[in-house]
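J.: Please find one structure pasted underneath; my questions will follow.
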There are 2 protein chains.
Amino acid sequence: MPEISNKAVEMPASPIRKLVPYADKAKKEGRKVYHLNIGQPDIESPQIMLDAVKNFPLKVIEYSNSAGIESYRKKLLTYYKRYNISLDLEDIIVTTGGSEAILIAVMSCLNPGDEIIIPEPFYANYNGFSCYAGITVKPIKSSIESGFALPSIEEFEKAITPKTKAVMICNPSNPTGHLYSRKELEALKTFVLKHDLWWLSDEVYREFCYDDNEYVSVMHLTGIDQNVVLLDSISKRYSACGARIGALISKNKEVMASALKFAQARLSPPTFGQVGAEAAIDTPPEYFENVKKEYVARRNFVVEELNNMTGVFCPKPNGAFYCIARLPIDDADKFCQWLLEHYNHDNETVMLAPATGFYSTEGAGINEVRIAYVLKIDDLKKAMICLDEALKVYPGRVVNRETESVNG
Amino acid sequence: MPEISNKAVEMPASPIRKLVPYADKAKKEGRKVYHLNIGQPDIESPQIMLDAVKNFPLKVIEYSNSAGIESYRKKLLTYYKRYNISLDLEDIIVTTGGSEAILIAVMSCLNPGDEIIIPEPFYANYNGFSCYAGITVKPIKSSIESGFALPSIEEFEKAITPKTKAVMICNPSNPTGHLYSRKELEALKTFVLKHDLWWLSDEVYREFCYDDNEYVSVMHLTGIDQNVVLLDSISKRYSACGARIGALISKNKEVMASALKFAQARLSPPTFGQVGAEAAIDTPPEYFENVKKEYVARRNFVVEELNNMTGVFCPKPNGAFYCIARLPIDDADKFCQWLLEHYNHDNETVMLAPATGFYSTEGAGINEVRIAYVLKIDDLKKAMICLDEALKVYPGRVVNRETESVNG
């Protein structure tokens, strides 16, 4: 029997999805599971989008252009314009989800062995795509006490080696919910220019910025056009994760010429998803206002509840629909598995994502979990009671752990 | 400005799509272009498939399972059963088109620097995915005179090096239309087992086998389960290239465990496409009978017309919907571009794919083109007249070239 590849061995299993078999078992045993582990919103997709797919006019489900359907790409220009991001048609390639945008970006910009600096905790699948491309993630730890603000530029400087080729951020951030300020981004810009690095910016949560905080895109910064690759997706924007439509965006012509070749190799992004996505650009503003209102209420509720639990600390995020909470527990992986295997409260339990999967540094995030507040308030209420009660009886409870260093 | 990656430089542009700007220009100038250059069939997708998408029942376009929607995977078992391919649920991962199945297979099975033996001419995008994975294609030339039959095993033996890790075939073949016989496959099996290689088999054209020739899948062979990865797609089967639904199939548990990790990194295949594909499994047999009848008529017409042209030779293929023709020309790339830029017959021209893009050996296929017979007979008639007349006036015409060695 031939051997599988080294990458096949090294490829990380999804930390978000690896607990799924335990959740399935809990459900088969008759327990209700509140899913706070995955960024699959319960919000309805815009009707205008669903209708466009229902009214698909063609008799042949054809390939689209490798760069995406031209009318969709043109319409995307108006979408970005609303966010004061001025693009030309050739700056946009439509991808199969944000995932493919990330993959094509790392393939286009980095060589095997190159290093990419990413503040941690970060979206776990960045590890997967780094493995795909054979590049090394150099994590820089952001702290829960600061609300996961950008680490100091001194920390970035310390991480520089001759192999450093790029930095990457997610803004607003999955998994922390942190929204980077203009000041933070300007500081990072100076660093990126100083070392002439690529700057990959994943901004798929731009619709989810709260409390009148300003959304600053990497595309708003001046004098850094040629270093910047914007990674985007409609998955969260329109609650349409299954459409698998994203975008890779850059003003750098070499990047775009390269990205097109990678895009041609896979022929085209999904046709139905693009048809829906094009229509969705006309989603009325009320849709987003309502969604935002809903998420702010959920966030306020969840964060307050968490901080009211003994030994729990959770900074209040300004964006996305996640928060990271530090719990009085020995090991988040064990705790999350225990919740599914052994715990029930009124025949219910809760599924969380252990934060360890979002850290690249061994042992970091051991007592943290990521919570996606993607359920209705009534369900979140029950889920929070469930969690609070669970923490009281969890055998691996660690008293006063919350006063220890999070770096410990 | 930072430098793009080496792979970005090496990544081949699609030989099928690189002439598109010239075709666009011809159309803007008012000339009609017959597209025989791309495997986008004009056949209507099954109504049952279009209806399923129109009736999409959910209000949220959700992620599916990373391995695909379970009900679809289950139904795929019945699809394969019809072809006498017996699978378990865990042998199948649904992919984003056959393209992603190829990508995940090479990533899972080969290390950078490893070599994969592929009879040429082969589907051009195999080069792209090899570049993605940093592996080297070792081509073995099949000859137009033999109808692109499997080269002798002696040729395969000559290509073996310590880095050889896999062989790959497309059966029936894009671009040659060759359908491999059981004898050919058994010979290749002995070779694969002798050297303990992976065997990647792209069988996306299994619905297109003509003249009562037997379709033999790599999954029909005995004693080679652990070496085999089947790559599949619904694109051609249901004329649904834009649905972007494929499958990676293997009985090798390590391959499947690895493939699932790569699949998790990109979250899920497209939801709408899967919903359509699941319904399409109930497409009535008459649909395929009619499609096959149509393609056989087209093939018979095109191949006969081609062989009637002075200096043209085209073997009659048994499968898929392509043929490769040798033309009395200096250079197929120049000729195909000239057809679009400078030629018109009654204000019409024809777009072909230069075969050079399907060969990995430098200079091979220089006087060959791939023709996809994906248009109605009436259009094929006009396209063939167009081509015949074009060959008479093409400035780079080479008389008696057809009697020279094709290896020259």
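Within each chain, counting starts at residue 1; across the structure tokens, chains are named A, B, ... in the order shown, with ligands numbered 1 upward in that order.
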Output the contact residues of chain B with respect to chain A at a cut-off of 7 Å, based on only C-alpha atoms, as a PyMOL selection string.
T.: chain B and resi 1-2+4-8+11-14+40+43-45+53-55+59-64+99+107-111+125+128+196-198+226-227+239-244+255+258+261+264-266+270-272
J.: Check range 52-268 of chain A with DSSP on the backbone and list each residue it calls strand (DSSP E or B), as a ChimeraX atom specification.
T.: /A:92-95,115-120,136-141,164-170,198-202,209,228-233,246-249
J.: Suppose you want the space between CA of Pro121 in chain A and CA of Leu185 in chain A; what is it in Å?
T.: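 Computed distance, CA of Pro121 in chain A to CA of Leu185 in chain A, equals 17.6 Å.
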J.: Need the shell around range 207-216 of chain B: protein/DNA/RNA residues with any atom at most 7 Å away, counting only C-alpha atoms. Skip same-chain ones fewer than 2 positions apart. Format as a list in words?
T.: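 Once the adjacent positions are removed, what remains is Ser181, Arg182, Tyr205, Val218, His220, Arg237, Lys292, Val296, Asn318, Gly319 and Ala320 of chain B.
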J.: Of the candidates B:Gly223, B:Gly68, B:Gly113, B:Gly147, which shows the shortest atom-to-atom distance to Arg326 in chain B, using only C-alpha atoms?
T.: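 Result for the nearest residue to Arg326 in chain B: B:Gly147.
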J.: What's the separation between CA of Ser201 in chain B and CA of Arg370 in chain B, in Å to one decimal place?
T.: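 Interatomic distance, CA of Ser201 in chain B to CA of Arg370 in chain B: 21.0 Å.
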J.: Excluding Gly365 in chain B and any residue of its chain fewer than 5 positions from it, enumerate the residues within 10 Å of it, using only C-alpha atoms, and give them as number ranges by chain.
T.: B: 120-121, 144, 324-326, 331-332, 354-360, 370, 406-408
J.: Skip Leu89 in chain A itself and residues of its chain fewer than 4 positions away, then list as a ChimeraX atom specification all residues within 8 Å of it, counting only C-alpha atoms.
T.: /A:73-74,77
J.: Measuring between only C-alpha atoms, which one of B:Thr95, B:Asn84, B:Asn290, B:Ser142 shows the shortest distance to Ser233 in chain B?
T.: B:Thr95
J.: So, with only C-alpha atoms as the atoms that count, which of B:Lys183, B:Lys194, B:Arg206, B:Lys382 lies closest to Leu221 in chain B?
T.: B:Lys183
J.: Considering only C-alpha atoms, can you say which of B:Glu294, B:Tyr80, B:Pro119, B:Ala101 comes closest to Ala247 in chain B?
T.: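 Selected residue with least distance to Ala247 in chain B: B:Ala101.
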J.: Quick one: residues within 12 Å of Asn300 in chain B, only C-alpha atoms counted, chain neighbours fewer than 2 positions away excluded, as a list in words?
T.: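 The neighbour list is Tyr210, Asp211, Lys293, Glu294, Tyr295, Val296, Ala297, Arg298, Val302, Val303, Glu304, Glu305, Leu306, Asn307, Cys314, Pro315, Lys316, Pro317, Asn318, Gly319, Phe321, Tyr322, Cys323, Tyr373, Ile377, Leu380 and Lys381 of chain B.
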J.: Report, in Å with one decimal, the straight-line distance from CA of Phe301 in chain A to CA of Gly177 in chain A.
T.: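 Separating CA of Phe301 in chain A from CA of Gly177 in chain A is a distance of 15.0 Å.
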J.: Which of these residues is nearest to Ser71 in chain B, using only C-alpha atoms: B:Ala277, B:Leu340, B:Ala383, B:Leu375?
T.: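 Using only C-alpha atoms, Ser71 in chain B sits closest to B:Ala277.
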J.: Please provide as a PyMOL selection string all residues within 10 Å of Asp24 in chain A, with the sequence filter that same-chain residues fewer than 6 positions apart are discarded (counting only C-alpha atoms).
T.: chain A and resi 30-31+33+340
J.: Using C-alpha atoms, can you write the selected residues to a file as a compact mmCIF listing (two decimals), in the first residue's frame?
T.:
# COMPACT_ATOMS: atom_id res chain seq x y z
CA GLY A 30 -32.23 12.25 22.93
CA ARG A 31 -30.43 15.30 24.32
CA VAL A 33 -27.59 20.34 21.76
CA LEU A 340 -21.44 16.44 24.87
J.: Mind listing the alpha helix (DSSP H) residues of range 330-389 of chain B, per DSSP on the backbone, as a PyMOL selection string?
T.: chain B and resi 332-341+377-389
